[in-house]
>>> print(open('final_14.cif').read())   # mmCIF, C-alpha atoms
data_protein
#
loop_
_atom_site.label_atom_id
_atom_site.label_comp_id
_atom_site.auth_asym_id
_atom_site.auth_seq_id
_atom_site.Cartn_x
_atom_site.Cartn_y
_atom_site.Cartn_z
CA MET A 6 69.65 142.28 100.84
CA LEU A 7 67.15 141.06 103.40
CA ASN A 8 68.74 137.98 104.99
CA ILE A 9 66.67 136.20 107.63
CA VAL A 10 67.65 133.33 109.89
CA ILE A 11 64.54 131.49 111.07
CA PHE A 12 65.35 129.54 114.18
CA GLY A 13 63.71 127.13 116.56
CA PRO A 14 63.71 123.52 117.64
CA PRO A 15 62.43 120.70 115.40
CA GLY A 16 58.66 121.08 115.04
CA SER A 17 58.55 124.80 115.91
CA GLY A 18 56.98 125.81 112.59
CA LYS A 19 60.08 127.01 110.74
CA GLY A 20 58.99 125.41 107.46
CA THR A 21 55.47 126.83 107.57
CA GLN A 22 56.62 130.33 108.51
CA SER A 23 59.46 130.22 105.96
CA GLU A 24 56.88 129.66 103.20
CA ASN A 25 54.92 132.68 104.42
CA LEU A 26 58.07 134.84 104.51
CA ILE A 27 59.14 133.74 101.02
CA LYS A 28 55.77 134.75 99.55
CA LYS A 29 55.49 138.08 101.35
CA TYR A 30 59.10 139.29 100.97
CA GLU A 31 60.06 137.43 97.74
CA LEU A 32 63.02 135.68 99.32
CA GLU A 33 65.05 132.69 98.20
CA HIS A 34 64.85 129.76 100.60
CA ILE A 35 67.77 127.81 101.99
CA SER A 36 66.55 124.85 104.01
CA THR A 37 69.48 122.67 104.93
CA GLY A 38 67.00 119.95 105.87
CA ASP A 39 65.46 120.04 102.37
CA LEU A 40 68.88 120.15 100.72
CA LEU A 41 70.05 117.19 102.77
CA ARG A 42 66.84 115.21 102.18
CA HIS A 43 67.28 115.81 98.44
CA GLU A 44 70.81 114.40 98.68
CA ILE A 45 69.43 111.35 100.51
CA GLU A 46 66.62 110.82 97.99
CA THR A 47 69.05 110.98 95.07
CA ASN A 48 71.40 108.51 96.81
CA THR A 49 74.50 110.70 96.71
CA GLN A 50 77.56 110.07 98.86
CA LEU A 51 76.73 113.23 100.82
CA GLY A 52 73.19 111.95 101.25
CA ALA A 53 74.38 108.64 102.70
CA LEU A 54 76.64 110.46 105.17
CA ALA A 55 73.87 112.90 106.11
CA LYS A 56 71.31 110.09 106.59
CA LYS A 57 73.64 108.28 108.97
CA HIS A 58 73.78 111.36 111.22
CA MET A 59 70.13 112.37 110.81
CA ASP A 60 68.78 108.90 111.64
CA LYS A 61 70.67 109.06 114.95
CA GLY A 62 69.29 112.54 115.66
CA GLU A 63 72.76 114.06 115.28
CA LEU A 64 73.79 117.21 113.44
CA VAL A 65 75.40 116.88 110.01
CA PRO A 66 79.07 118.04 110.09
CA ASP A 67 79.62 121.79 109.62
CA GLU A 68 81.90 121.55 106.59
CA VAL A 69 79.20 119.72 104.61
CA ILE A 70 76.53 122.31 105.44
CA ILE A 71 78.77 125.35 104.97
CA GLY A 72 79.95 124.09 101.58
CA MET A 73 76.32 123.74 100.44
CA ILE A 74 75.47 127.25 101.66
CA ASP A 75 78.50 128.81 99.93
CA SER A 76 77.56 127.13 96.65
CA PHE A 77 73.99 128.42 96.95
CA LEU A 78 75.12 131.99 97.74
CA ASP A 79 77.66 132.00 94.91
CA LYS A 80 74.86 131.25 92.44
CA ASN A 81 72.28 133.66 93.92
CA ILE A 82 73.90 136.76 95.47
CA GLY A 83 73.02 139.84 93.43
CA LYS A 84 70.14 138.06 91.71
CA VAL A 85 67.71 137.86 94.64
CA LYS A 86 66.06 140.29 97.10
CA GLY A 87 67.20 138.23 100.06
CA VAL A 88 67.57 134.81 101.56
CA ILE A 89 65.86 132.99 104.38
CA PHE A 90 68.07 130.50 106.20
CA ASP A 91 65.89 127.69 107.57
CA GLY A 92 67.65 125.20 109.85
CA PHE A 93 70.99 126.96 109.60
CA PRO A 94 73.06 127.98 111.50
CA ARG A 95 72.66 125.35 114.23
CA THR A 96 75.87 125.99 116.12
CA VAL A 97 77.87 129.08 117.09
CA ALA A 98 80.66 127.89 114.76
CA GLN A 99 78.14 127.82 111.90
CA ALA A 100 76.81 131.28 112.86
CA GLU A 101 80.37 132.63 112.80
CA ALA A 102 81.04 130.91 109.46
CA LEU A 103 77.80 132.35 108.01
CA LYS A 104 78.71 135.85 109.19
CA SER A 105 82.12 135.51 107.55
CA LEU A 106 80.64 134.02 104.38
CA LEU A 107 77.99 136.75 104.06
CA SER A 108 80.63 139.41 104.73
CA SER A 109 82.62 138.08 101.77
CA TYR A 110 79.50 138.80 99.67
CA LYS A 111 79.19 142.28 101.26
CA THR A 112 75.99 141.46 103.18
CA ASP A 113 74.93 140.24 106.65
CA VAL A 114 72.04 138.64 108.54
CA SER A 115 69.27 141.23 108.91
CA VAL A 116 67.33 139.47 111.69
CA MET A 117 67.25 136.14 113.49
CA LEU A 118 63.67 135.03 114.20
CA ASN A 119 63.63 132.67 117.19
CA LEU A 120 60.41 130.61 117.33
CA GLU A 121 59.84 129.64 120.96
CA VAL A 122 57.82 126.43 121.57
CA PRO A 123 57.75 124.27 124.76
CA ASP A 124 59.32 120.78 124.46
CA ALA A 125 56.02 118.95 125.22
CA GLU A 126 54.31 120.78 122.33
CA LEU A 127 57.23 119.93 120.01
CA LEU A 128 56.97 116.24 120.84
CA THR A 129 53.22 116.24 120.12
CA ARG A 130 53.65 118.10 116.81
CA LEU A 131 56.47 115.87 115.57
CA ILE A 132 54.73 112.61 116.47
CA GLU A 133 51.69 113.84 114.52
CA ARG A 134 53.89 114.87 111.57
CA GLY A 135 55.55 111.45 111.64
CA LYS A 136 52.21 109.75 111.00
CA THR A 137 52.00 111.37 107.56
CA SER A 138 55.51 112.53 106.61
CA GLY A 139 57.22 109.20 106.15
CA ARG A 140 60.35 110.80 107.65
CA SER A 141 62.49 108.24 109.46
CA ASP A 142 63.47 110.83 112.08
CA ASP A 143 59.87 111.53 113.19
CA ASN A 144 59.60 108.85 115.89
CA GLU A 145 59.44 109.45 119.65
CA GLU A 146 62.95 108.21 120.52
CA THR A 147 64.67 110.18 117.75
CA ILE A 148 62.50 113.25 118.39
CA LYS A 149 63.55 113.34 122.05
CA LYS A 150 67.19 112.98 120.99
CA ARG A 151 66.82 115.79 118.40
CA ILE A 152 65.28 118.12 121.01
CA SER A 153 68.06 117.23 123.45
CA VAL A 154 70.74 117.90 120.80
CA TYR A 155 69.01 121.20 119.97
CA ASN A 156 68.94 122.29 123.61
CA ALA A 157 72.59 121.38 124.18
CA GLN A 158 74.23 122.45 120.93
CA THR A 159 71.96 124.86 119.12
CA LYS A 160 70.45 127.19 121.73
CA PRO A 161 73.80 129.00 122.22
CA VAL A 162 73.27 130.42 118.71
CA ILE A 163 70.50 132.57 120.23
CA ASP A 164 73.09 134.33 122.41
CA PHE A 165 75.34 134.87 119.36
CA TYR A 166 72.60 136.79 117.54
CA LYS A 167 71.50 138.58 120.72
CA LYS A 168 75.04 139.94 121.16
CA ASP A 169 75.04 140.87 117.46
CA GLY A 170 71.78 142.84 117.93
CA LYS A 171 69.90 140.64 115.46
CA LEU A 172 67.63 138.57 117.76
CA ALA A 173 63.81 138.71 117.61
CA ASN A 174 62.03 136.22 119.91
CA ILE A 175 58.66 135.06 118.56
CA LYS A 176 56.12 133.00 120.53
CA GLY A 177 55.66 129.94 118.28
CA VAL A 178 52.42 128.65 119.80
CA GLY A 179 48.99 129.78 118.61
CA ALA A 180 47.35 130.51 115.27
CA ILE A 181 49.76 130.41 112.32
CA ASP A 182 48.52 133.81 111.06
CA ALA A 183 48.99 135.45 114.47
CA ILE A 184 52.53 134.07 114.72
CA PHE A 185 53.25 135.32 111.18
CA ALA A 186 51.96 138.80 112.06
CA GLU A 187 54.53 138.98 114.90
CA ILE A 188 57.24 137.75 112.53
CA CYS A 189 56.36 140.48 110.00
CA LYS A 190 56.66 143.16 112.69
CA ALA A 191 60.20 141.96 113.45
CA VAL A 192 61.17 141.80 109.76
CA ASP A 193 59.64 145.15 108.87
CA ALA A 194 61.63 146.74 111.70
CA VAL A 195 64.92 145.83 109.96
CA LYS A 196 63.97 146.34 106.30
#
>>> encode(input="final_14.cif", output="structure tokens")
Amino acid sequence: MLNIVIFGPPGSGKGTQSENLIKKYELEHISTGDLLRHEIETNTQLGALAKKHMDKGELVPDEVIIGMIDSFLDKNIGKVKGVIFDGFPRTVAQAEALKSLLSSYKTDVSVMLNLEVPDAELLTRLIERGKTSGRSDDNEETIKKRISVYNAQTKPVIDFYKKDGKLANIKGVGAIDAIFAEICKAVDAVK
């Protein structure tokens, strides 16, 4: 199986590039953000808990996310060509849990694509997205908090995948097609 972790701060283009990867490599998509937003929209108990954390710019607790991922994998392993993990893992504990979980399904992460975008560019992109998205977390104060949380808690995941030999750094600024071409080079190298 081709299992890709697409990584980067909020606003780095993970969603856009995930769509491109799904089409080209026929992958199933796991976006924890989309899964959580669906829970919020359908007013579930999990959704209410997730919204409380997301509105403050905090990460949703690991056990909630890992449970959702396990359920998804249980239904899809053996039936799909691969999976793209979008927005997960966000912490080293989650990366370790994912490695263990995938190992139990006799597979592993093939590559971790790290989209690198400067903070000032992220802020600009997310403020623009907030004008049309209707997302409550796309406002300047929450965006700055999300970037700060990312820098403090999530960046160490890069080192985890670097040590595991799975890291591919991708410059996330420029034309979408040019960025995607660099992503494809990294993916094709591990196929």
>>> residues_around(input="final_14.cif", residues="stretch 172-189 of chain A", least_positions_apart="6", cutoff="8 Å", atoms="all atoms listed in the file", output="list in words")
Ser17, Gly18, Gln22, Asn25, Val116, Met117, Leu118, Asn119, Leu120, Glu121, Val122, Ile163 and Tyr166 of chain A
>>> resolve_selection(input="final_14.cif", expression="the PyMOL selection byres ((chain A and resi 50-54) around 12)", output="PyMOL selection string")
chain A and resi 37-49+55-61+63-66+68-70+72-73
>>> closest_residue(input="final_14.cif", among="A:Val10, A:Ser153, A:Ile27, A:Asp164", to="A:Val85", atoms="all atoms listed in the file")
A:Ile27
>>> resolve_selection(input="final_14.cif", expression="the PyMOL selection byres ((chain A and resi 134) around 12)", output="ChimeraX atom specification")
/A:15-18,127-133,135-145,148
>>> residues_around(input="final_14.cif", residues="stretch 89-99 of chain A", least_positions_apart="2", cutoff="9 Å", atoms="all atoms listed in the file", output="PyMOL selection string")
chain A and resi 7-15+19-20+23+26-27+32-38+64+67+70-71+87+101-104+155+158-165
>>> write_last_selection(input="final_14.cif", atoms="C-alpha atoms", output="PDB file, in the frame of the given file")
ATOM      1  CA  LEU A   7      67.150 141.060 103.400  1.00  0.00           C
ATOM      2  CA  ASN A   8      68.740 137.980 104.990  1.00  0.00           C
ATOM      3  CA  ILE A   9      66.670 136.200 107.630  1.00  0.00           C
ATOM      4  CA  VAL A  10      67.650 133.330 109.890  1.00  0.00           C
ATOM      5  CA  ILE A  11      64.540 131.490 111.070  1.00  0.00           C
ATOM      6  CA  PHE A  12      65.350 129.540 114.180  1.00  0.00           C
ATOM      7  CA  GLY A  13      63.710 127.130 116.560  1.00  0.00           C
ATOM      8  CA  PRO A  14      63.710 123.520 117.640  1.00  0.00           C
ATOM      9  CA  PRO A  15      62.430 120.700 115.400  1.00  0.00           C
ATOM     10  CA  LYS A  19      60.080 127.010 110.740  1.00  0.00           C
ATOM     11  CA  GLY A  20      58.990 125.410 107.460  1.00  0.00           C
ATOM     12  CA  SER A  23      59.460 130.220 105.960  1.00  0.00           C
ATOM     13  CA  LEU A  26      58.070 134.840 104.510  1.00  0.00           C
ATOM     14  CA  ILE A  27      59.140 133.740 101.020  1.00  0.00           C
ATOM     15  CA  LEU A  32      63.020 135.680  99.320  1.00  0.00           C
ATOM     16  CA  GLU A  33      65.050 132.690  98.200  1.00  0.00           C
ATOM     17  CA  HIS A  34      64.850 129.760 100.600  1.00  0.00           C
ATOM     18  CA  ILE A  35      67.770 127.810 101.990  1.00  0.00           C
ATOM     19  CA  SER A  36      66.550 124.850 104.010  1.00  0.00           C
ATOM     20  CA  THR A  37      69.480 122.670 104.930  1.00  0.00           C
ATOM     21  CA  GLY A  38      67.000 119.950 105.870  1.00  0.00           C
ATOM     22  CA  LEU A  64      73.790 117.210 113.440  1.00  0.00           C
ATOM     23  CA  ASP A  67      79.620 121.790 109.620  1.00  0.00           C
ATOM     24  CA  ILE A  70      76.530 122.310 105.440  1.00  0.00           C
ATOM     25  CA  ILE A  71      78.770 125.350 104.970  1.00  0.00           C
ATOM     26  CA  GLY A  87      67.200 138.230 100.060  1.00  0.00           C
ATOM     27  CA  GLU A 101      80.370 132.630 112.800  1.00  0.00           C
ATOM     28  CA  ALA A 102      81.040 130.910 109.460  1.00  0.00           C
ATOM     29  CA  LEU A 103      77.800 132.350 108.010  1.00  0.00           C
ATOM     30  CA  LYS A 104      78.710 135.850 109.190  1.00  0.00           C
ATOM     31  CA  TYR A 155      69.010 121.200 119.970  1.00  0.00           C
ATOM     32  CA  GLN A 158      74.230 122.450 120.930  1.00  0.00           C
ATOM     33  CA  THR A 159      71.960 124.860 119.120  1.00  0.00           C
ATOM     34  CA  LYS A 160      70.450 127.190 121.730  1.00  0.00           C
ATOM     35  CA  PRO A 161      73.800 129.000 122.220  1.00  0.00           C
ATOM     36  CA  VAL A 162      73.270 130.420 118.710  1.00  0.00           C
ATOM     37  CA  ILE A 163      70.500 132.570 120.230  1.00  0.00           C
ATOM     38  CA  ASP A 164      73.090 134.330 122.410  1.00  0.00           C
ATOM     39  CA  PHE A 165      75.340 134.870 119.360  1.00  0.00           C
TER      40      PHE A 165
END
>>> atom_distance(input="final_14.cif", atom1="atom CA of A:Val154", atom2="atom CA of A:Lys167")
20.7 Å
>>> closest_residue(input="final_14.cif", among="A:Val114, A:Asp75, A:Leu106, A:Lys84", to="A:Gly170", atoms="only C-alpha atoms")
A:Val114
>>> closest_residue(input="final_14.cif", among="A:Lys150, A:Ala194, A:Lys29, A:Ala100", to="A:Asp124", atoms="only C-alpha atoms")
A:Lys150
>>> atom_distance(input="final_14.cif", atom1="atom CA of A:Gly62", atom2="atom CA of A:Glu146")
9.1 Å
>>> atom_distance(input="final_14.cif", atom1="atom CA of A:Lys111", atom2="atom CA of A:Gly83")
10.3 Å
>>> resolve_selection(input="final_14.cif", expression="the PyMOL selection byres ((chain A and resi 195) around 10)", output="list of chain:residue names")
A:Leu7, A:Ser115, A:Val116, A:Lys171, A:Lys190, A:Ala191, A:Val192, A:Asp193, A:Ala194, A:Lys196
